[in-house]
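**Student:** My structure is in entry-v2.pdb, and what it holds is PDB, N, CA and C atoms, pLDDT in the B column:
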ATOM      1  N   MET A 959      -3.179   1.553  31.626  1.00 88.00           N
ATOM      2  CA  MET A 959      -3.745   0.813  30.509  1.00 88.00           C
ATOM      3  C   MET A 959      -2.895   1.066  29.255  1.00 88.00           C
ATOM      4  N   LYS A 960      -2.625   0.000  28.513  1.00 90.00           N
ATOM      5  CA  LYS A 960      -1.785   0.100  27.325  1.00 90.00           C
ATOM      6  C   LYS A 960      -2.578   0.664  26.146  1.00 90.00           C
ATOM      7  N   LYS A 961      -1.944   1.547  25.388  1.00 93.00           N
ATOM      8  CA  LYS A 961      -2.586   2.153  24.225  1.00 93.00           C
ATOM      9  C   LYS A 961      -2.609   1.156  23.064  1.00 93.00           C
ATOM     10  N   ILE A 962      -3.764   1.009  22.397  1.00 94.00           N
ATOM     11  CA  ILE A 962      -3.913   0.105  21.264  1.00 94.00           C
ATOM     12  C   ILE A 962      -3.597   0.880  19.987  1.00 94.00           C
ATOM     13  N   PRO A 963      -2.615   0.402  19.204  1.00 95.00           N
ATOM     14  CA  PRO A 963      -2.296   1.114  17.956  1.00 95.00           C
ATOM     15  C   PRO A 963      -3.441   0.992  16.948  1.00 95.00           C
ATOM     16  N   MET A 964      -3.868   2.128  16.404  1.00 97.00           N
ATOM     17  CA  MET A 964      -4.960   2.157  15.430  1.00 97.00           C
ATOM     18  C   MET A 964      -4.378   2.454  14.049  1.00 97.00           C
ATOM     19  N   ARG A 965      -4.997   1.852  13.036  1.00 97.00           N
ATOM     20  CA  ARG A 965      -4.611   2.103  11.653  1.00 97.00           C
ATOM     21  C   ARG A 965      -5.872   2.314  10.833  1.00 97.00           C
ATOM     22  N   ARG A 966      -5.752   3.019   9.713  1.00 97.00           N
ATOM     23  CA  ARG A 966      -6.895   3.329   8.864  1.00 97.00           C
ATOM     24  C   ARG A 966      -6.911   2.413   7.639  1.00 97.00           C
ATOM     25  N   CYS A 967      -8.077   1.822   7.385  1.00 97.00           N
ATOM     26  CA  CYS A 967      -8.267   1.000   6.195  1.00 97.00           C
ATOM     27  C   CYS A 967      -8.282   1.927   4.979  1.00 97.00           C
ATOM     28  N   LEU A 968      -7.478   1.604   3.967  1.00 96.00           N
ATOM     29  CA  LEU A 968      -7.408   2.454   2.773  1.00 96.00           C
ATOM     30  C   LEU A 968      -8.722   2.484   1.998  1.00 96.00           C
ATOM     31  N   ALA A 969      -9.426   1.363   1.962  1.00 96.00           N
ATOM     32  CA  ALA A 969     -10.639   1.275   1.152  1.00 96.00           C
ATOM     33  C   ALA A 969     -11.826   1.966   1.816  1.00 96.00           C
ATOM     34  N   THR A 970     -12.055   1.681   3.107  1.00 95.00           N
ATOM     35  CA  THR A 970     -13.253   2.202   3.782  1.00 95.00           C
ATOM     36  C   THR A 970     -12.990   3.480   4.564  1.00 95.00           C
ATOM     37  N   ASN A 971     -11.717   3.797   4.795  1.00 96.00           N
ATOM     38  CA  ASN A 971     -11.318   4.994   5.533  1.00 96.00           C
ATOM     39  C   ASN A 971     -11.756   4.956   7.001  1.00 96.00           C
ATOM     40  N   GLU A 972     -11.972   3.761   7.546  1.00 97.00           N
ATOM     41  CA  GLU A 972     -12.334   3.601   8.951  1.00 97.00           C
ATOM     42  C   GLU A 972     -11.094   3.192   9.737  1.00 97.00           C
ATOM     43  N   SER A 973     -11.031   3.615  11.012  1.00 97.00           N
ATOM     44  CA  SER A 973      -9.922   3.232  11.876  1.00 97.00           C
ATOM     45  C   SER A 973     -10.267   1.963  12.638  1.00 97.00           C
ATOM     46  N   PHE A 974      -9.274   1.065  12.718  1.00 97.00           N
ATOM     47  CA  PHE A 974      -9.422  -0.197  13.430  1.00 97.00           C
ATOM     48  C   PHE A 974      -8.150  -0.447  14.227  1.00 97.00           C
ATOM     49  N   PRO A 975      -8.220  -1.302  15.264  1.00 96.00           N
ATOM     50  CA  PRO A 975      -6.970  -1.735  15.905  1.00 96.00           C
ATOM     51  C   PRO A 975      -6.089  -2.433  14.874  1.00 96.00           C
ATOM     52  N   LYS A 976      -4.806  -2.194  14.952  1.00 94.00           N
ATOM     53  CA  LYS A 976      -3.844  -2.695  13.968  1.00 94.00           C
ATOM     54  C   LYS A 976      -3.962  -4.201  13.728  1.00 94.00           C
ATOM     55  N   LYS A 977      -4.210  -4.980  14.778  1.00 93.00           N
ATOM     56  CA  LYS A 977      -4.264  -6.445  14.661  1.00 93.00           C
ATOM     57  C   LYS A 977      -5.465  -6.941  13.863  1.00 93.00           C
ATOM     58  N   GLU A 978      -6.501  -6.114  13.701  1.00 95.00           N
ATOM     59  CA  GLU A 978      -7.699  -6.526  12.962  1.00 95.00           C
ATOM     60  C   GLU A 978      -7.570  -6.305  11.452  1.00 95.00           C
ATOM     61  N   LEU A 979      -6.510  -5.643  11.023  1.00 96.00           N
ATOM     62  CA  LEU A 979      -6.340  -5.305   9.611  1.00 96.00           C
ATOM     63  C   LEU A 979      -5.280  -6.170   8.943  1.00 96.00           C
ATOM     64  N   LEU A 980      -5.360  -6.269   7.635  1.00 97.00           N
ATOM     65  CA  LEU A 980      -4.318  -6.919   6.843  1.00 97.00           C
ATOM     66  C   LEU A 980      -3.329  -5.855   6.392  1.00 97.00           C
ATOM     67  N   ARG A 981      -2.039  -6.160   6.456  1.00 97.00           N
ATOM     68  CA  ARG A 981      -1.012  -5.223   5.999  1.00 97.00           C
ATOM     69  C   ARG A 981      -0.475  -5.705   4.655  1.00 97.00           C
ATOM     70  N   ILE A 982      -0.488  -4.809   3.692  1.00 97.00           N
ATOM     71  CA  ILE A 982       0.055  -5.080   2.371  1.00 97.00           C
ATOM     72  C   ILE A 982       1.338  -4.253   2.264  1.00 97.00           C
ATOM     73  N   VAL A 983       2.432  -4.889   1.846  1.00 97.00           N
ATOM     74  CA  VAL A 983       3.745  -4.236   1.880  1.00 97.00           C
ATOM     75  C   VAL A 983       4.398  -4.209   0.507  1.00 97.00           C
ATOM     76  N   ARG A 984       5.014  -3.069   0.186  1.00 97.00           N
ATOM     77  CA  ARG A 984       5.917  -3.006  -0.961  1.00 97.00           C
ATOM     78  C   ARG A 984       7.323  -3.092  -0.377  1.00 97.00           C
ATOM     79  N   THR A 985       8.002  -4.195  -0.664  1.00 96.00           N
ATOM     80  CA  THR A 985       9.334  -4.410  -0.109  1.00 96.00           C
ATOM     81  C   THR A 985      10.339  -3.477  -0.774  1.00 96.00           C
ATOM     82  N   PRO A 986      11.525  -3.319  -0.179  1.00 96.00           N
ATOM     83  CA  PRO A 986      12.553  -2.479  -0.814  1.00 96.00           C
ATOM     84  C   PRO A 986      12.930  -2.945  -2.226  1.00 96.00           C
ATOM     85  N   GLU A 987      12.703  -4.242  -2.519  1.00 95.00           N
ATOM     86  CA  GLU A 987      12.990  -4.770  -3.859  1.00 95.00           C
ATOM     87  C   GLU A 987      11.874  -4.458  -4.853  1.00 95.00           C
ATOM     88  N   GLY A 988      10.737  -3.915  -4.366  1.00 94.00           N
ATOM     89  CA  GLY A 988       9.634  -3.558  -5.248  1.00 94.00           C
ATOM     90  C   GLY A 988       8.544  -4.612  -5.343  1.00 94.00           C
ATOM     91  N   GLU A 989       8.667  -5.717  -4.596  1.00 95.00           N
ATOM     92  CA  GLU A 989       7.634  -6.752  -4.584  1.00 95.00           C
ATOM     93  C   GLU A 989       6.476  -6.321  -3.683  1.00 95.00           C
ATOM     94  N   VAL A 990       5.276  -6.792  -4.000  1.00 96.00           N
ATOM     95  CA  VAL A 990       4.117  -6.525  -3.151  1.00 96.00           C
ATOM     96  C   VAL A 990       3.720  -7.837  -2.489  1.00 96.00           C
ATOM     97  N   LYS A 991       3.615  -7.821  -1.148  1.00 96.00           N
ATOM     98  CA  LYS A 991       3.301  -9.026  -0.385  1.00 96.00           C
ATOM     99  C   LYS A 991       2.258  -8.726   0.675  1.00 96.00           C
ATOM    100  N   VAL A 992       1.529  -9.772   1.073  1.00 96.00           N
ATOM    101  CA  VAL A 992       0.630  -9.676   2.214  1.00 96.00           C
ATOM    102  C   VAL A 992       1.458 -10.013   3.445  1.00 96.00           C
ATOM    103  N   ASP A 993       1.467  -9.107   4.420  1.00 96.00           N
ATOM    104  CA  ASP A 993       2.297  -9.261   5.618  1.00 96.00           C
ATOM    105  C   ASP A 993       1.422  -9.662   6.794  1.00 96.00           C
ATOM    106  N   LEU A 994       1.353 -10.963   7.080  1.00 94.00           N
ATOM    107  CA  LEU A 994       0.525 -11.433   8.187  1.00 94.00           C
ATOM    108  C   LEU A 994       1.176 -11.174   9.541  1.00 94.00           C
ATOM    109  N   SER A 995       2.514 -11.079   9.575  1.00 92.00           N
ATOM    110  CA  SER A 995       3.213 -10.860  10.842  1.00 92.00           C
ATOM    111  C   SER A 995       3.206  -9.385  11.252  1.00 92.00           C
ATOM    112  N   GLY A 996       3.055  -8.491  10.265  1.00 89.00           N
ATOM    113  CA  GLY A 996       3.096  -7.061  10.557  1.00 89.00           C
ATOM    114  C   GLY A 996       4.506  -6.532  10.745  1.00 89.00           C
ATOM    115  N   LYS A 997       5.513  -7.327  10.400  1.00 92.00           N
ATOM    116  CA  LYS A 997       6.892  -6.936  10.654  1.00 92.00           C
ATOM    117  C   LYS A 997       7.775  -6.862   9.404  1.00 92.00           C
ATOM    118  N   LEU A 998       7.217  -7.140   8.227  1.00 95.00           N
ATOM    119  CA  LEU A 998       8.029  -7.085   7.008  1.00 95.00           C
ATOM    120  C   LEU A 998       8.553  -5.677   6.768  1.00 95.00           C
ATOM    121  N   ASN A 999       9.747  -5.601   6.236  1.00 96.00           N
ATOM    122  CA  ASN A 999      10.367  -4.325   5.947  1.00 96.00           C
ATOM    123  C   ASN A 999       9.774  -3.738   4.661  1.00 96.00           C
ATOM    124  N   GLY A1000       9.455  -2.459   4.669  1.00 96.00           N
ATOM    125  CA  GLY A1000       8.956  -1.798   3.471  1.00 96.00           C
ATOM    126  C   GLY A1000       7.798  -0.875   3.765  1.00 96.00           C
ATOM    127  N   LYS A1001       7.228  -0.318   2.716  1.00 96.00           N
ATOM    128  CA  LYS A1001       6.111   0.615   2.830  1.00 96.00           C
ATOM    129  C   LYS A1001       4.820  -0.188   2.964  1.00 96.00           C
ATOM    130  N   GLY A1002       4.041   0.083   3.999  1.00 96.00           N
ATOM    131  CA  GLY A1002       2.840  -0.697   4.268  1.00 96.00           C
ATOM    132  C   GLY A1002       1.557   0.082   4.064  1.00 96.00           C
ATOM    133  N   ALA A1003       0.487  -0.658   3.777  1.00 97.00           N
ATOM    134  CA  ALA A1003      -0.857  -0.104   3.665  1.00 97.00           C
ATOM    135  C   ALA A1003      -1.807  -1.130   4.279  1.00 97.00           C
ATOM    136  N   TYR A1004      -2.904  -0.656   4.846  1.00 97.00           N
ATOM    137  CA  TYR A1004      -3.795  -1.539   5.589  1.00 97.00           C
ATOM    138  C   TYR A1004      -5.159  -1.678   4.926  1.00 97.00           C
ATOM    139  N   LEU A1005      -5.765  -2.865   5.121  1.00 97.00           N
ATOM    140  CA  LEU A1005      -7.083  -3.170   4.563  1.00 97.00           C
ATOM    141  C   LEU A1005      -7.870  -3.960   5.594  1.00 97.00           C
ATOM    142  N   SER A1006      -9.142  -3.575   5.803  1.00 96.00           N
ATOM    143  CA  SER A1006      -9.970  -4.336   6.739  1.00 96.00           C
ATOM    144  C   SER A1006     -10.292  -5.696   6.138  1.00 96.00           C
ATOM    145  N   ARG A1007     -10.551  -6.660   6.995  1.00 95.00           N
ATOM    146  CA  ARG A1007     -10.769  -8.048   6.562  1.00 95.00           C
ATOM    147  C   ARG A1007     -12.215  -8.266   6.139  1.00 95.00           C
ATOM    148  N   SER A1008     -12.621  -7.603   5.053  1.00 96.00           N
ATOM    149  CA  SER A1008     -13.977  -7.790   4.527  1.00 96.00           C
ATOM    150  C   SER A1008     -13.935  -7.807   3.006  1.00 96.00           C
ATOM    151  N   ASN A1009     -14.869  -8.534   2.419  1.00 96.00           N
ATOM    152  CA  ASN A1009     -14.936  -8.603   0.953  1.00 96.00           C
ATOM    153  C   ASN A1009     -15.314  -7.256   0.351  1.00 96.00           C
ATOM    154  N   GLU A1010     -16.129  -6.470   1.085  1.00 96.00           N
ATOM    155  CA  GLU A1010     -16.523  -5.141   0.589  1.00 96.00           C
ATOM    156  C   GLU A1010     -15.294  -4.247   0.445  1.00 96.00           C
ATOM    157  N   ALA A1011     -14.426  -4.265   1.465  1.00 96.00           N
ATOM    158  CA  ALA A1011     -13.212  -3.443   1.424  1.00 96.00           C
ATOM    159  C   ALA A1011     -12.296  -3.908   0.288  1.00 96.00           C
ATOM    160  N   LEU A1012     -12.206  -5.212   0.079  1.00 97.00           N
ATOM    161  CA  LEU A1012     -11.381  -5.752  -1.002  1.00 97.00           C
ATOM    162  C   LEU A1012     -11.908  -5.312  -2.360  1.00 97.00           C
ATOM    163  N   ASP A1013     -13.238  -5.339  -2.545  1.00 97.00           N
ATOM    164  CA  ASP A1013     -13.839  -4.893  -3.804  1.00 97.00           C
ATOM    165  C   ASP A1013     -13.544  -3.427  -4.076  1.00 97.00           C
ATOM    166  N   ILE A1014     -13.669  -2.602  -3.042  1.00 96.00           N
ATOM    167  CA  ILE A1014     -13.388  -1.166  -3.180  1.00 96.00           C
ATOM    168  C   ILE A1014     -11.919  -0.960  -3.544  1.00 96.00           C
ATOM    169  N   ALA A1015     -11.034  -1.681  -2.849  1.00 96.00           N
ATOM    170  CA  ALA A1015      -9.591  -1.545  -3.096  1.00 96.00           C
ATOM    171  C   ALA A1015      -9.244  -1.933  -4.527  1.00 96.00           C
ATOM    172  N   ARG A1016      -9.893  -2.979  -5.032  1.00 96.00           N
ATOM    173  CA  ARG A1016      -9.632  -3.449  -6.396  1.00 96.00           C
ATOM    174  C   ARG A1016     -10.125  -2.433  -7.424  1.00 96.00           C
ATOM    175  N   LYS A1017     -11.346  -1.924  -7.237  1.00 96.00           N
ATOM    176  CA  LYS A1017     -11.942  -1.000  -8.210  1.00 96.00           C
ATOM    177  C   LYS A1017     -11.208   0.335  -8.252  1.00 96.00           C
ATOM    178  N   LYS A1018     -10.893   0.875  -7.076  1.00 96.00           N
ATOM    179  CA  LYS A1018     -10.280   2.206  -7.010  1.00 96.00           C
ATOM    180  C   LYS A1018      -8.756   2.170  -7.092  1.00 96.00           C
ATOM    181  N   LYS A1019      -8.183   0.950  -7.091  1.00 95.00           N
ATOM    182  CA  LYS A1019      -6.730   0.773  -7.145  1.00 95.00           C
ATOM    183  C   LYS A1019      -6.018   1.555  -6.037  1.00 95.00           C
ATOM    184  N   VAL A1020      -6.546   1.463  -4.810  1.00 96.00           N
ATOM    185  CA  VAL A1020      -5.978   2.220  -3.689  1.00 96.00           C
ATOM    186  C   VAL A1020      -4.567   1.764  -3.332  1.00 96.00           C
ATOM    187  N   PHE A1021      -4.261   0.465  -3.502  1.00 96.00           N
ATOM    188  CA  PHE A1021      -2.909   0.002  -3.186  1.00 96.00           C
ATOM    189  C   PHE A1021      -1.903   0.476  -4.222  1.00 96.00           C
ATOM    190  N   ASP A1022      -2.314   0.552  -5.484  1.00 96.00           N
ATOM    191  CA  ASP A1022      -1.422   1.066  -6.531  1.00 96.00           C
ATOM    192  C   ASP A1022      -0.972   2.487  -6.175  1.00 96.00           C
ATOM    193  N   LYS A1023      -1.917   3.294  -5.689  1.00 95.00           N
ATOM    194  CA  LYS A1023      -1.607   4.685  -5.343  1.00 95.00           C
ATOM    195  C   LYS A1023      -0.777   4.778  -4.071  1.00 95.00           C
ATOM    196  N   ALA A1024      -1.184   4.037  -3.030  1.00 96.00           N
ATOM    197  CA  ALA A1024      -0.515   4.127  -1.738  1.00 96.00           C
ATOM    198  C   ALA A1024       0.900   3.552  -1.764  1.00 96.00           C
ATOM    199  N   LEU A1025       1.080   2.443  -2.474  1.00 96.00           N
ATOM    200  CA  LEU A1025       2.388   1.783  -2.502  1.00 96.00           C
ATOM    201  C   LEU A1025       3.243   2.225  -3.691  1.00 96.00           C
ATOM    202  N   GLU A1026       2.663   3.058  -4.563  1.00 95.00           N
ATOM    203  CA  GLU A1026       3.366   3.631  -5.710  1.00 95.00           C
ATOM    204  C   GLU A1026       3.941   2.556  -6.631  1.00 95.00           C
ATOM    205  N   VAL A1027       3.177   1.469  -6.807  1.00 96.00           N
ATOM    206  CA  VAL A1027       3.571   0.379  -7.698  1.00 96.00           C
ATOM    207  C   VAL A1027       2.298  -0.353  -8.116  1.00 96.00           C
ATOM    208  N   GLU A1028       2.310  -0.971  -9.297  1.00 95.00           N
ATOM    209  CA  GLU A1028       1.135  -1.707  -9.748  1.00 95.00           C
ATOM    210  C   GLU A1028       1.044  -3.031  -8.994  1.00 95.00           C
ATOM    211  N   VAL A1029      -0.089  -3.257  -8.334  1.00 95.00           N
ATOM    212  CA  VAL A1029      -0.279  -4.467  -7.533  1.00 95.00           C
ATOM    213  C   VAL A1029      -0.806  -5.585  -8.430  1.00 95.00           C
ATOM    214  N   PRO A1030      -0.104  -6.735  -8.487  1.00 95.00           N
ATOM    215  CA  PRO A1030      -0.552  -7.841  -9.343  1.00 95.00           C
ATOM    216  C   PRO A1030      -1.845  -8.485  -8.830  1.00 95.00           C
ATOM    217  N   GLU A1031      -2.600  -9.088  -9.728  1.00 95.00           N
ATOM    218  CA  GLU A1031      -3.881  -9.731  -9.392  1.00 95.00           C
ATOM    219  C   GLU A1031      -3.694 -10.848  -8.367  1.00 95.00           C
ATOM    220  N   GLU A1032      -2.535 -11.523  -8.380  1.00 96.00           N
ATOM    221  CA  GLU A1032      -2.288 -12.614  -7.427  1.00 96.00           C
ATOM    222  C   GLU A1032      -2.377 -12.126  -5.984  1.00 96.00           C
ATOM    223  N   VAL A1033      -1.957 -10.889  -5.734  1.00 96.00           N
ATOM    224  CA  VAL A1033      -2.011 -10.336  -4.376  1.00 96.00           C
ATOM    225  C   VAL A1033      -3.469 -10.206  -3.934  1.00 96.00           C
ATOM    226  N   TYR A1034      -4.342  -9.705  -4.821  1.00 96.00           N
ATOM    227  CA  TYR A1034      -5.760  -9.588  -4.490  1.00 96.00           C
ATOM    228  C   TYR A1034      -6.382 -10.969  -4.238  1.00 96.00           C
ATOM    229  N   GLU A1035      -5.955 -11.971  -5.009  1.00 96.00           N
ATOM    230  CA  GLU A1035      -6.458 -13.333  -4.817  1.00 96.00           C
ATOM    231  C   GLU A1035      -6.017 -13.892  -3.470  1.00 96.00           C
ATOM    232  N   GLU A1036      -4.765 -13.604  -3.086  1.00 96.00           N
ATOM    233  CA  GLU A1036      -4.263 -14.062  -1.789  1.00 96.00           C
ATOM    234  C   GLU A1036      -5.032 -13.396  -0.648  1.00 96.00           C
ATOM    235  N   ILE A1037      -5.298 -12.095  -0.781  1.00 96.00           N
ATOM    236  CA  ILE A1037      -6.088 -11.371   0.226  1.00 96.00           C
ATOM    237  C   ILE A1037      -7.466 -12.004   0.346  1.00 96.00           C
ATOM    238  N   SER A1038      -8.080 -12.313  -0.783  1.00 96.00           N
ATOM    239  CA  SER A1038      -9.413 -12.935  -0.799  1.00 96.00           C
ATOM    240  C   SER A1038      -9.394 -14.278  -0.074  1.00 96.00           C
ATOM    241  N   ARG A1039      -8.351 -15.089  -0.307  1.00 96.00           N
ATOM    242  CA  ARG A1039      -8.237 -16.392   0.375  1.00 96.00           C
ATOM    243  C   ARG A1039      -8.106 -16.204   1.883  1.00 96.00           C
ATOM    244  N   ILE A1040      -7.342 -15.207   2.307  1.00 95.00           N
ATOM    245  CA  ILE A1040      -7.148 -14.953   3.739  1.00 95.00           C
ATOM    246  C   ILE A1040      -8.462 -14.504   4.378  1.00 95.00           C
ATOM    247  N   ILE A1041      -9.180 -13.595   3.717  1.00 95.00           N
ATOM    248  CA  ILE A1041     -10.447 -13.082   4.251  1.00 95.00           C
ATOM    249  C   ILE A1041     -11.491 -14.192   4.371  1.00 95.00           C
ATOM    250  N   ASN A1042     -11.583 -15.012   3.336  1.00 94.00           N
ATOM    251  CA  ASN A1042     -12.628 -16.047   3.300  1.00 94.00           C
ATOM    252  C   ASN A1042     -12.203 -17.347   3.985  1.00 94.00           C
ATOM    253  N   GLY A1043     -11.007 -17.360   4.536  1.00 84.00           N
ATOM    254  CA  GLY A1043     -10.539 -18.500   5.298  1.00 84.00           C
ATOM    255  C   GLY A1043     -10.255 -19.693   4.485  1.00 84.00           C
TER     256      GLY A1043
END
Go ahead and express the file in the form of structure tokens.
**Tutor:**
Amino acid sequence: MKKIPMRRCLATNESFPKKELLRIVRTPEGEVKVDLSGKLNGKGAYLSRSNEALDIARKKKVFDKALEVEVPEEVYEEISRIING
């Protein structure tokens, strides 16, 4: 049986299979992007696909700390659009 890669959501601190989470990446150029493919080059952080997790991430600025860069509001808006379909 193949092992399923698990990742931890930064906001809720729960472990999920990697494919169920959104990956947020700080590229080598310093840009912050939502990585839907999971293959972008750079430092990554994961978030579960829920509005509660997004609210926690926004309030506590968990991506700012994890990616060591200030995350622009547009990134949070893009995450919200992806979560809400």
**Student:** Please identify the helix (DSSP H, G or I) residues within chain A (assignment by DSSP from backbone atoms) and present them as a PyMOL selection string.
**Tutor:** chain A and resi 976-978+1009-1018+1020-1025+1031-1042
**Student:** Rounded to one decimal in Å, what is the spacing between CA of Cys967 (chain A) and CA of Ser1006 (chain A)?
**Tutor:**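 According to the coordinates, CA of Cys967 (chain A) and CA of Ser1006 (chain A) are separated by 5.6 Å.
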**Student:** Quote the spacing between CA of Glu987 (chain A) and CA of Pro1030 (chain A) in Å to one decimal place.
**Tutor:** 14.9 Å
**Student:** Which of these residues is nearest to Lys961 (chain A), using only C-alpha atoms: A:Asp1013, A:Ile1040, A:Ala1024, A:Lys976?
**Tutor:**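 Counting only C-alpha atoms, the residue closest to Lys961 (chain A) is A:Lys976.
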**Student:** Would you kindly translate the PyMOL selection byres ((chain A and resi 977) around 8) into the concrete residues it picks from this file, as number ranges by chain?
**Tutor:** A: 962-965, 974-976, 978-980
**Student:** Could you please take those selected residues and save N, CA and C atoms as an mmCIF file, in the frame of the given file?
**Tutor:**
data_model
loop_
_atom_site.group_PDB
_atom_site.id
_atom_site.type_symbol
_atom_site.label_atom_id
_atom_site.label_comp_id
_atom_site.auth_asym_id
_atom_site.auth_seq_id
_atom_site.Cartn_x
_atom_site.Cartn_y
_atom_site.Cartn_z
ATOM 1 N N ILE A 962 -3.764 1.009 22.397
ATOM 2 C CA ILE A 962 -3.913 0.105 21.264
ATOM 3 C C ILE A 962 -3.597 0.880 19.987
ATOM 4 N N PRO A 963 -2.615 0.402 19.204
ATOM 5 C CA PRO A 963 -2.296 1.114 17.956
ATOM 6 C C PRO A 963 -3.441 0.992 16.948
ATOM 7 N N MET A 964 -3.868 2.128 16.404
ATOM 8 C CA MET A 964 -4.960 2.157 15.430
ATOM 9 C C MET A 964 -4.378 2.454 14.049
ATOM 10 N N ARG A 965 -4.997 1.852 13.036
ATOM 11 C CA ARG A 965 -4.611 2.103 11.653
ATOM 12 C C ARG A 965 -5.872 2.314 10.833
ATOM 13 N N PHE A 974 -9.274 1.065 12.718
ATOM 14 C CA PHE A 974 -9.422 -0.197 13.430
ATOM 15 C C PHE A 974 -8.150 -0.447 14.227
ATOM 16 N N PRO A 975 -8.220 -1.302 15.264
ATOM 17 C CA PRO A 975 -6.970 -1.735 15.905
ATOM 18 C C PRO A 975 -6.089 -2.433 14.874
ATOM 19 N N LYS A 976 -4.806 -2.194 14.952
ATOM 20 C CA LYS A 976 -3.844 -2.695 13.968
ATOM 21 C C LYS A 976 -3.962 -4.201 13.728
ATOM 22 N N GLU A 978 -6.501 -6.114 13.701
ATOM 23 C CA GLU A 978 -7.699 -6.526 12.962
ATOM 24 C C GLU A 978 -7.570 -6.305 11.452
ATOM 25 N N LEU A 979 -6.510 -5.643 11.023
ATOM 26 C CA LEU A 979 -6.340 -5.305 9.611
ATOM 27 C C LEU A 979 -5.280 -6.170 8.943
ATOM 28 N N LEU A 980 -5.360 -6.269 7.635
ATOM 29 C CA LEU A 980 -4.318 -6.919 6.843
ATOM 30 C C LEU A 980 -3.329 -5.855 6.392
#
